[in-house]
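J.: Hey, dropping my_file33.txt in here, compact mmCIF, C-alpha atoms and all ligand atoms:
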# COMPACT_ATOMS: atom_id res chain seq x y z
CA MET A 211 -3.69 2.04 -1.79
CA ALA A 212 -2.01 -0.58 0.38
CA VAL A 213 -4.04 -2.15 3.21
CA GLU A 214 -2.70 -2.32 6.77
CA PRO A 215 -2.00 -5.67 8.47
CA VAL A 216 -4.33 -6.60 11.33
CA VAL A 217 -3.81 -8.28 14.73
CA TYR A 218 -6.28 -9.51 17.34
CA GLY A 219 -7.76 -6.68 19.47
CA ALA A 220 -5.22 -5.51 22.02
CA SER A 221 -2.82 -8.31 21.14
CA GLU A 222 0.93 -7.63 21.06
CA ARG A 223 1.44 -10.48 18.62
CA PRO A 224 2.98 -9.32 15.33
CA PRO A 225 0.67 -9.62 12.30
CA ARG A 226 0.88 -12.81 10.23
CA GLY A 227 0.35 -12.95 6.49
CA ASP A 228 1.56 -10.99 3.49
CA TYR A 229 -0.66 -7.90 3.18
CA ALA A 230 1.48 -6.28 0.46
CA ARG A 231 1.96 -8.99 -2.21
CA GLY A 232 2.76 -6.57 -4.98
CA GLY A 233 -0.48 -4.64 -4.62
CA GLN A 234 -2.71 -7.68 -5.08
CA VAL A 235 -4.81 -7.07 -1.95
CA HIS A 236 -7.96 -5.09 -2.77
CA SER A 237 -9.39 -2.31 -0.58
CA ASP A 238 -11.99 -4.77 0.78
CA TYR A 239 -9.02 -6.94 1.90
CA THR A 240 -9.78 -9.76 -0.54
CA CYS A 241 -6.98 -11.04 -2.76
CA PRO A 242 -6.32 -13.93 -5.15
CA GLN A 243 -5.64 -17.23 -3.38
CA ASN A 244 -1.88 -17.48 -3.86
CA TYR A 245 -2.03 -21.11 -4.91
CA ALA A 246 1.41 -21.10 -6.55
CA ALA A 247 2.95 -20.16 -3.19
CA TYR A 248 1.95 -23.47 -1.56
CA THR A 249 4.86 -25.91 -1.37
CA ALA A 250 4.62 -29.69 -1.51
CA ALA A 251 5.28 -29.59 2.25
CA ASP A 252 2.26 -27.26 2.75
CA HIS A 253 -0.04 -29.62 0.85
CA ASP A 254 1.28 -32.50 2.93
CA THR A 255 0.73 -30.61 6.20
CA TYR A 256 -2.84 -29.83 5.14
CA ARG A 257 -3.44 -33.49 4.23
CA ARG A 258 -2.20 -34.63 7.63
CA LEU A 259 -4.23 -31.99 9.49
CA TYR A 260 -7.38 -32.99 7.60
CA GLU A 261 -6.82 -36.71 8.16
CA ARG A 262 -6.23 -36.35 11.90
CA GLN A 263 -9.15 -34.01 12.45
CA ALA A 264 -11.67 -35.95 10.31
CA ALA A 265 -10.90 -39.09 12.34
CA LEU A 266 -11.71 -37.27 15.60
CA LEU A 267 -15.16 -36.02 14.56
CA PRO A 268 -17.50 -38.97 15.31
CA GLY A 269 -19.16 -38.47 18.69
CA LEU A 270 -17.69 -34.96 19.09
CA ALA A 271 -18.77 -32.87 16.06
CA CYS A 272 -22.40 -32.06 15.32
CA ASP A 273 -24.25 -34.10 12.67
CA GLU A 274 -24.64 -31.18 10.25
CA PHE A 275 -20.88 -30.62 10.22
CA ILE A 276 -20.04 -34.28 9.63
CA ALA A 277 -22.62 -34.46 6.85
CA ALA A 278 -21.23 -31.38 5.07
CA LEU A 279 -17.50 -32.04 5.44
CA PRO A 280 -17.18 -34.02 2.17
CA SER A 281 -18.44 -30.92 0.34
CA LEU A 282 -15.00 -29.38 0.94
CA GLY A 283 -13.77 -31.77 -1.77
CA VAL A 284 -10.11 -32.77 -2.00
CA LYS A 285 -8.44 -33.72 1.27
CA ASP A 286 -4.96 -34.69 0.12
CA ARG A 287 -3.96 -31.10 -0.78
CA ILE A 288 -5.09 -27.53 -0.06
CA PRO A 289 -8.23 -27.03 -2.17
CA ARG A 290 -8.60 -24.26 -4.69
CA PHE A 291 -11.27 -21.91 -3.36
CA GLU A 292 -13.05 -21.86 -6.76
CA GLU A 293 -13.57 -25.63 -6.54
CA ILE A 294 -15.38 -25.24 -3.22
CA ASN A 295 -17.38 -22.27 -4.47
CA GLU A 296 -18.92 -24.29 -7.29
CA ARG A 297 -20.65 -26.47 -4.69
CA LEU A 298 -21.13 -23.85 -1.95
CA TYR A 299 -22.84 -21.30 -4.14
CA LYS A 300 -25.30 -23.92 -5.39
CA ALA A 301 -26.09 -25.02 -1.84
CA THR A 302 -26.61 -21.71 -0.01
CA GLN A 303 -25.50 -18.87 -2.33
CA TRP A 304 -22.41 -18.32 -0.14
CA GLU A 305 -18.89 -17.91 -1.55
CA ILE A 306 -15.48 -17.99 0.05
CA VAL A 307 -12.95 -15.28 -0.77
CA ALA A 308 -9.21 -15.24 -0.04
CA VAL A 309 -7.71 -12.75 2.44
CA PRO A 310 -4.08 -12.32 3.60
CA GLY A 311 -4.96 -12.87 7.29
CA LEU A 312 -7.12 -11.17 9.94
CA ILE A 313 -9.03 -8.21 8.51
CA PRO A 314 -10.62 -5.17 10.24
CA GLU A 315 -14.18 -5.21 11.56
CA VAL A 316 -15.95 -3.22 8.86
CA PRO A 317 -14.57 -5.12 5.83
CA PHE A 318 -15.18 -8.40 7.71
CA PHE A 319 -18.83 -7.58 8.51
CA THR A 320 -19.38 -6.23 4.98
CA LEU A 321 -18.19 -9.49 3.39
CA LEU A 322 -20.44 -11.58 5.66
CA ALA A 323 -23.43 -9.32 4.99
CA ASN A 324 -22.87 -10.08 1.28
CA ARG A 325 -22.63 -13.84 1.88
CA LYS A 326 -18.87 -13.92 1.34
CA PHE A 327 -16.71 -15.69 3.91
CA PRO A 328 -13.08 -14.54 4.14
CA VAL A 329 -10.59 -17.43 4.20
CA THR A 330 -6.93 -16.82 5.12
CA ASP A 331 -4.82 -18.33 2.35
CA TRP A 332 -1.60 -19.21 4.20
CA LEU A 333 -1.04 -22.45 6.14
CA ARG A 334 0.56 -22.92 9.56
CA THR A 335 4.12 -24.25 9.86
CA PRO A 336 4.75 -27.90 10.82
CA GLU A 337 5.79 -26.62 14.30
CA GLU A 338 2.22 -25.33 14.73
CA PHE A 339 0.66 -28.65 13.75
CA ASP A 340 -1.04 -29.10 17.14
CA TYR A 341 -1.93 -25.52 18.05
CA ILE A 342 -2.02 -22.13 16.36
CA VAL A 343 -3.44 -18.88 17.74
CA GLU A 344 -4.14 -17.08 14.44
CA PRO A 345 -6.64 -18.43 11.93
CA ASP A 346 -4.93 -20.09 8.92
CA VAL A 347 -6.35 -21.75 5.81
CA PHE A 348 -6.95 -25.02 7.67
CA HIS A 349 -8.92 -23.36 10.48
CA ASP A 350 -10.93 -21.21 8.09
CA LEU A 351 -11.77 -23.96 5.60
CA PHE A 352 -12.14 -27.02 7.80
CA GLY A 353 -13.60 -25.13 10.77
CA HIS A 354 -15.97 -22.64 9.18
CA VAL A 355 -16.91 -23.67 5.66
CA PRO A 356 -18.82 -26.96 6.19
CA LEU A 357 -21.60 -25.27 8.19
CA LEU A 358 -21.98 -22.63 5.46
CA PHE A 359 -23.59 -25.51 3.53
CA ASN A 360 -26.37 -25.57 6.17
CA PRO A 361 -29.18 -23.15 5.18
CA VAL A 362 -30.09 -21.97 8.71
CA PHE A 363 -26.49 -21.49 9.78
CA ALA A 364 -25.67 -19.79 6.46
CA ASP A 365 -28.49 -17.28 6.98
CA HIS A 366 -27.35 -16.70 10.55
CA MET A 367 -23.84 -15.79 9.35
CA GLN A 368 -25.24 -13.18 7.00
CA GLU A 369 -27.39 -11.70 9.78
CA TYR A 370 -24.29 -11.58 11.97
CA GLY A 371 -22.52 -9.53 9.29
CA LYS A 372 -25.39 -7.06 9.07
CA GLY A 373 -25.54 -6.92 12.87
CA GLY A 374 -21.80 -6.23 12.94
CA LEU A 375 -22.15 -3.15 10.76
CA LYS A 376 -24.90 -1.94 13.09
CA ALA A 377 -22.82 -2.68 16.20
CA HIS A 378 -19.93 -0.75 14.68
CA GLY A 379 -22.11 2.36 14.49
CA LEU A 380 -23.16 1.84 18.12
CA ASN A 381 -19.64 1.24 19.45
CA ALA A 382 -20.65 -2.26 20.49
CA CYS A 383 -18.23 -4.41 18.47
CA GLU A 384 -16.59 -5.80 21.57
CA GLN A 385 -19.93 -7.11 22.88
CA LEU A 386 -20.84 -8.58 19.50
CA SER A 387 -17.41 -10.15 18.99
CA ARG A 388 -17.89 -12.06 22.27
CA LEU A 389 -21.05 -13.53 20.81
CA TYR A 390 -19.09 -14.58 17.71
CA TRP A 391 -16.39 -16.10 19.88
CA TYR A 392 -18.70 -18.16 22.09
CA THR A 393 -21.00 -19.34 19.27
CA ILE A 394 -19.47 -19.37 15.77
CA GLU A 395 -15.96 -20.12 17.12
CA PHE A 396 -16.52 -22.09 20.34
CA GLY A 397 -20.20 -23.08 20.42
CA LEU A 398 -21.57 -26.42 21.62
CA ILE A 399 -24.91 -27.94 20.60
CA GLN A 400 -27.10 -30.50 22.35
CA GLN A 401 -28.09 -33.20 19.84
CA LYS A 402 -30.09 -36.41 20.09
CA ASP A 403 -26.97 -38.45 20.88
CA GLY A 404 -25.49 -35.90 23.30
CA LEU A 405 -23.36 -32.80 23.44
CA ARG A 406 -21.47 -31.91 20.23
CA ALA A 407 -19.29 -29.09 18.89
CA TYR A 408 -20.30 -26.68 16.12
CA GLY A 409 -17.78 -23.85 16.70
CA ALA A 410 -15.00 -23.58 14.14
CA GLY A 411 -12.28 -22.96 16.73
CA ILE A 412 -13.16 -26.26 18.35
CA LEU A 413 -13.71 -28.24 15.15
CA SER A 414 -10.30 -27.30 13.75
CA SER A 415 -8.45 -28.05 17.01
CA SER A 416 -7.34 -31.59 17.79
CA GLY A 417 -7.05 -30.94 21.53
CA GLU A 418 -10.02 -28.69 22.20
CA LEU A 419 -12.49 -30.85 20.26
CA GLN A 420 -12.19 -33.62 22.82
CA TYR A 421 -11.75 -31.20 25.74
CA SER A 422 -14.78 -29.01 25.01
CA VAL A 423 -17.20 -31.92 24.72
CA THR A 424 -15.88 -34.33 27.35
CA SER A 425 -13.70 -32.60 29.97
CA LEU A 426 -15.12 -32.01 33.45
CA GLU A 427 -12.99 -28.86 33.85
CA PRO A 428 -14.84 -26.15 31.86
CA GLN A 429 -18.36 -24.99 32.68
CA ARG A 430 -21.14 -25.33 30.12
CA LEU A 431 -24.07 -22.92 30.23
CA ALA A 432 -27.20 -22.51 28.11
CA LEU A 433 -26.79 -19.74 25.53
CA ASP A 434 -27.90 -16.41 27.00
CA ILE A 435 -27.11 -13.48 24.71
CA GLU A 436 -26.53 -10.84 27.40
CA ARG A 437 -24.44 -13.19 29.53
CA VAL A 438 -22.25 -14.00 26.53
CA MET A 439 -21.83 -10.35 25.59
CA ARG A 440 -20.47 -9.63 29.07
CA THR A 441 -18.06 -12.56 29.14
CA ARG A 442 -14.38 -11.99 28.38
CA TYR A 443 -12.45 -14.66 26.47
CA LYS A 444 -8.94 -16.00 26.11
CA ILE A 445 -7.50 -16.30 22.61
CA ASP A 446 -4.54 -18.54 23.48
CA SER A 447 -5.87 -21.30 25.73
CA TYR A 448 -8.81 -23.71 25.81
CA GLN A 449 -12.06 -22.01 26.89
CA GLN A 450 -13.14 -22.10 30.53
CA THR A 451 -16.79 -21.54 29.67
CA TYR A 452 -18.81 -22.89 26.73
CA PHE A 453 -22.35 -21.89 25.78
CA VAL A 454 -24.77 -24.53 24.52
CA ILE A 455 -27.63 -24.30 22.00
CA ASN A 456 -30.24 -26.91 21.12
CA SER A 457 -30.47 -26.12 17.41
CA PHE A 458 -29.21 -23.65 14.82
CA GLN A 459 -32.77 -22.31 14.68
CA GLU A 460 -32.44 -21.40 18.38
CA LEU A 461 -29.22 -19.51 17.60
CA PHE A 462 -30.93 -17.71 14.73
CA ASP A 463 -34.01 -16.84 16.80
CA LYS A 464 -32.12 -15.69 19.91
CA THR A 465 -29.97 -13.33 17.82
CA ALA A 466 -32.85 -12.00 15.70
CA PRO A 467 -34.13 -9.22 18.05
CA ASP A 468 -32.74 -5.69 17.74
CA PHE A 469 -29.61 -5.60 19.92
CA THR A 470 -29.63 -1.80 20.32
CA PRO A 471 -31.40 -1.79 23.72
CA ILE A 472 -29.23 -4.70 24.87
CA TYR A 473 -26.02 -2.81 24.05
CA GLN A 474 -27.35 0.17 26.01
CA ARG A 475 -28.23 -1.94 29.02
CA LEU A 476 -24.83 -3.64 29.00
CA GLN A 477 -22.98 -0.33 29.21
CA GLY A 478 -23.85 -0.13 32.90
CA LEU A 479 -23.03 -3.76 33.74
CA PRO A 480 -19.63 -5.19 34.70
CA GLU A 481 -17.76 -7.67 32.51
CA ILE A 482 -17.56 -11.30 33.59
CA ALA A 483 -14.22 -13.15 33.66
CA ALA A 484 -13.88 -16.20 31.42
CA ASP A 485 -14.03 -18.68 34.30
CA VAL A 486 -16.75 -17.14 36.49
CA ARG A 487 -20.06 -18.79 37.37
CA LEU A 488 -22.77 -16.40 38.51
CA ALA A 489 -25.20 -17.15 41.34
CA GLY A 490 -28.11 -19.23 40.13
CA GLU A 491 -26.45 -20.41 36.91
CA VAL A 492 -27.16 -24.01 36.08
CA LEU A 493 -24.43 -26.16 34.56
CA ILE A 494 -25.30 -28.34 31.59
CA GLN A 495 -24.25 -31.92 32.20
CA ARG A 496 -23.24 -33.96 29.24
N1 LIG A 501 -30.20 -8.90 15.76
C1 LIG A 501 -28.90 -8.28 15.87
C2 LIG A 501 -29.04 -6.76 15.98
O1 LIG A 501 -30.07 -6.20 15.84
C3 LIG A 501 -28.03 -8.63 14.67
C4 LIG A 501 -27.43 -9.98 14.77
C5 LIG A 501 -27.99 -11.07 14.10
C6 LIG A 501 -26.31 -10.18 15.51
C7 LIG A 501 -27.41 -12.31 14.18
C8 LIG A 501 -25.74 -11.44 15.61
C9 LIG A 501 -26.27 -12.51 14.92
O2 LIG A 501 -28.05 -6.11 16.20
CO CO A 502 -12.51 -18.64 12.93
Take the structure in the file and give it back as structure tokens.
Ligand code: PHE
Ligand code: CO

T.:
Amino acid sequence: MAVEPVVYGASERPPRGDYARGGQVHSDYTCPQNYAAYTAADHDTYRRLYERQAALLPGLACDEFIAALPSLGVKDRIPRFEEINERLYKATQWEIVAVPGLIPEVPFFTLLANRKFPVTDWLRTPEEFDYIVEPDVFHDLFGHVPLLFNPVFADHMQEYGKGGLKAHGLNACEQLSRLYWYTIEFGLIQQKDGLRAYGAGILSSSGELQYSVTSLEPQRLALDIERVMRTRYKIDSYQQTYFVINSFQELFDKTAPDFTPIYQRLQGLPEIAADVRLAGEVLIQR
């Protein structure tokens, strides 16, 4: 049975990625990495993306990310996922699996709960070198995979997957996806040398990496689970609010309690716009 292409939530953007590929996409949305489809130009675009982004990391990316980045292996071409898996599985028992693009909630949560991270296999066009809305192979590999080498973060990702399956049964995926957005995609962390980025959406973006850590425009708040779950987000601009943790252990511990009563409580509370600061909220200064 053929799988259906997927777009972001209520987005009108047409789906990206080849979900048909002669029946090669499995019912769990995984597929072989179509390595033969990459052109010399794709490998060159990846090499240039990697080179630019790696040079921006010092002083902006968290220490754990910088330490793990070399574990991705080759940087002058798109890596084969199996090459990364040899190292990743040994480190944290995680694996990456290829997918044709965005996938629905339940297959996504199920993969994470089984310590499998879905990586889109296609690469952006040269016109999208500076900014792309959809996740591509560069965002998924460079942004997400290094922290899967960190044991605490790796365990957190699995717990998120299990929590996603639970949230699905409670009709609370929107609340939980906001948590994903403001932590795993756009999270900041306070480290001994200052504020740093750990979110994949930031770490794979040349513009937002600098912006999120140093700009005076956005507000930065301490991570508060219920506040995050009420906060809307924009998928096609820099964030107006970032949430800050002090350690991955804090992220793990704050998300460990049963969210069921939280979801219930939030049903009666209004959403918060992406740029709003509530009375009494304290800004984190960098
Ligand atoms: N503790 C959450 C729950 O009970 C699950 C979860 C863990 C969600 C980690 C996000 C991250 O639903
Ligand atoms: Co992502």

J.: Using all atoms listed in the file and a cutoff of 10 Å, can you tell me which residues are near (-6.4, -31.4, 17.2) in the file's coordinates, and write them out as number ranges by chain?

T.: A: 259-260, 262-264, 266, 339-341, 412-420

J.: Which residues of chain A sit at most 10 Å from ligand LIG 501 (chain A), using all atoms listed in the file? Give each one's shortest atom pair and distance in Å (one decimal place), in chain and ascending residue order, as a Markdown table.

T.:
| residue | atom | partner | partner_atom | distance |
| --- | --- | --- | --- | --- |
| A:Asp365 | CA | A:LIG501 | C7 | 8.8 |
| A:His366 | CA | A:LIG501 | C7 | 5.7 |
| A:Met367 | CA | A:LIG501 | C9 | 6.9 |
| A:Gln368 | CA | A:LIG501 | C7 | 7.6 |
| A:Glu369 | CA | A:LIG501 | C5 | 4.4 |
| A:Tyr370 | CA | A:LIG501 | C9 | 3.7 |
| A:Gly371 | CA | A:LIG501 | C6 | 7.3 |
| A:Lys372 | CA | A:LIG501 | C3 | 6.4 |
| A:Gly373 | CA | A:LIG501 | C3 | 3.5 |
| A:Gly374 | CA | A:LIG501 | C6 | 6.5 |
| A:Leu375 | CA | A:LIG501 | O2 | 8.6 |
| A:Lys376 | CA | A:LIG501 | O2 | 6.1 |
| A:Ala377 | CA | A:LIG501 | O2 | 6.3 |
| A:His378 | CA | A:LIG501 | O2 | 9.8 |
| A:Leu380 | CA | A:LIG501 | O2 | 9.5 |
| A:Ala382 | CA | A:LIG501 | O2 | 9.4 |
| A:Leu386 | CA | A:LIG501 | C8 | 6.9 |
| A:Ser387 | CA | A:LIG501 | C8 | 9.1 |
| A:Leu389 | CA | A:LIG501 | C8 | 7.3 |
| A:Tyr390 | CA | A:LIG501 | C8 | 7.6 |
| A:Thr393 | CA | A:LIG501 | C9 | 9.7 |
| A:Ile394 | CA | A:LIG501 | C9 | 9.7 |
| A:Ile435 | CA | A:LIG501 | C8 | 9.4 |
| A:Leu461 | CA | A:LIG501 | C9 | 8.1 |
| A:Phe462 | CA | A:LIG501 | C7 | 6.5 |
| A:Asp463 | CA | A:LIG501 | C7 | 8.4 |
| A:Lys464 | CA | A:LIG501 | C7 | 8.2 |
| A:Thr465 | CA | A:LIG501 | C7 | 4.6 |
| A:Ala466 | CA | A:LIG501 | N1 | 4.1 |
| A:Pro467 | CA | A:LIG501 | N1 | 4.6 |
| A:Asp468 | CA | A:LIG501 | O1 | 3.3 |
| A:Phe469 | CA | A:LIG501 | O2 | 4.1 |
| A:Thr470 | CA | A:LIG501 | O2 | 6.2 |
| A:Pro471 | CA | A:LIG501 | O1 | 9.1 |
| A:Ile472 | CA | A:LIG501 | O2 | 8.9 |
| A:Tyr473 | CA | A:LIG501 | O2 | 8.8 |

J.: Return as a PyMOL selection string the residues of protein, DNA or RNA that approach ligand CO 502 (chain A) to within 8 Å, with all atoms listed in the file taken into account.

T.: chain A and resi 345+349-350+353-354+394-395+410-411

J.: Let's have the selection written as a JSON list (two decimals), in the coordinates of the input, with C-alpha atoms.

T.:
[["chain", "number", "residue", "atom", "x", "y", "z"],
["A", 345, "PRO", "CA", -6.64, -18.43, 11.93],
["A", 349, "HIS", "CA", -8.92, -23.36, 10.48],
["A", 350, "ASP", "CA", -10.93, -21.21, 8.09],
["A", 353, "GLY", "CA", -13.60, -25.13, 10.77],
["A", 354, "HIS", "CA", -15.97, -22.64, 9.18],
["A", 394, "ILE", "CA", -19.47, -19.37, 15.77],
["A", 395, "GLU", "CA", -15.96, -20.12, 17.12],
["A", 410, "ALA", "CA", -15.00, -23.58, 14.14],
["A", 411, "GLY", "CA", -12.28, -22.96, 16.73]]

J.: So how many Å separate CA of Pro328 in chain A and CA of Asp434 in chain A, to one decimal?

T.: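 Answer for the CA of Pro328 in chain A to CA of Asp434 in chain A separation: 27.3 Å.
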
J.: Could you tell me how far CA of Arg297 in chain A lies from CA of Tyr245 in chain A, in Å and to one decimal?

T.: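 We find that CA of Arg297 in chain A and CA of Tyr245 in chain A lie 19.4 Å from each other.
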
J.: Rounded to one decimal in Å, what is the spacing between CA of Arg440 in chain A and CA of Leu398 in chain A?

T.: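 Between CA of Arg440 in chain A and CA of Leu398 in chain A the gap is 18.4 Å.
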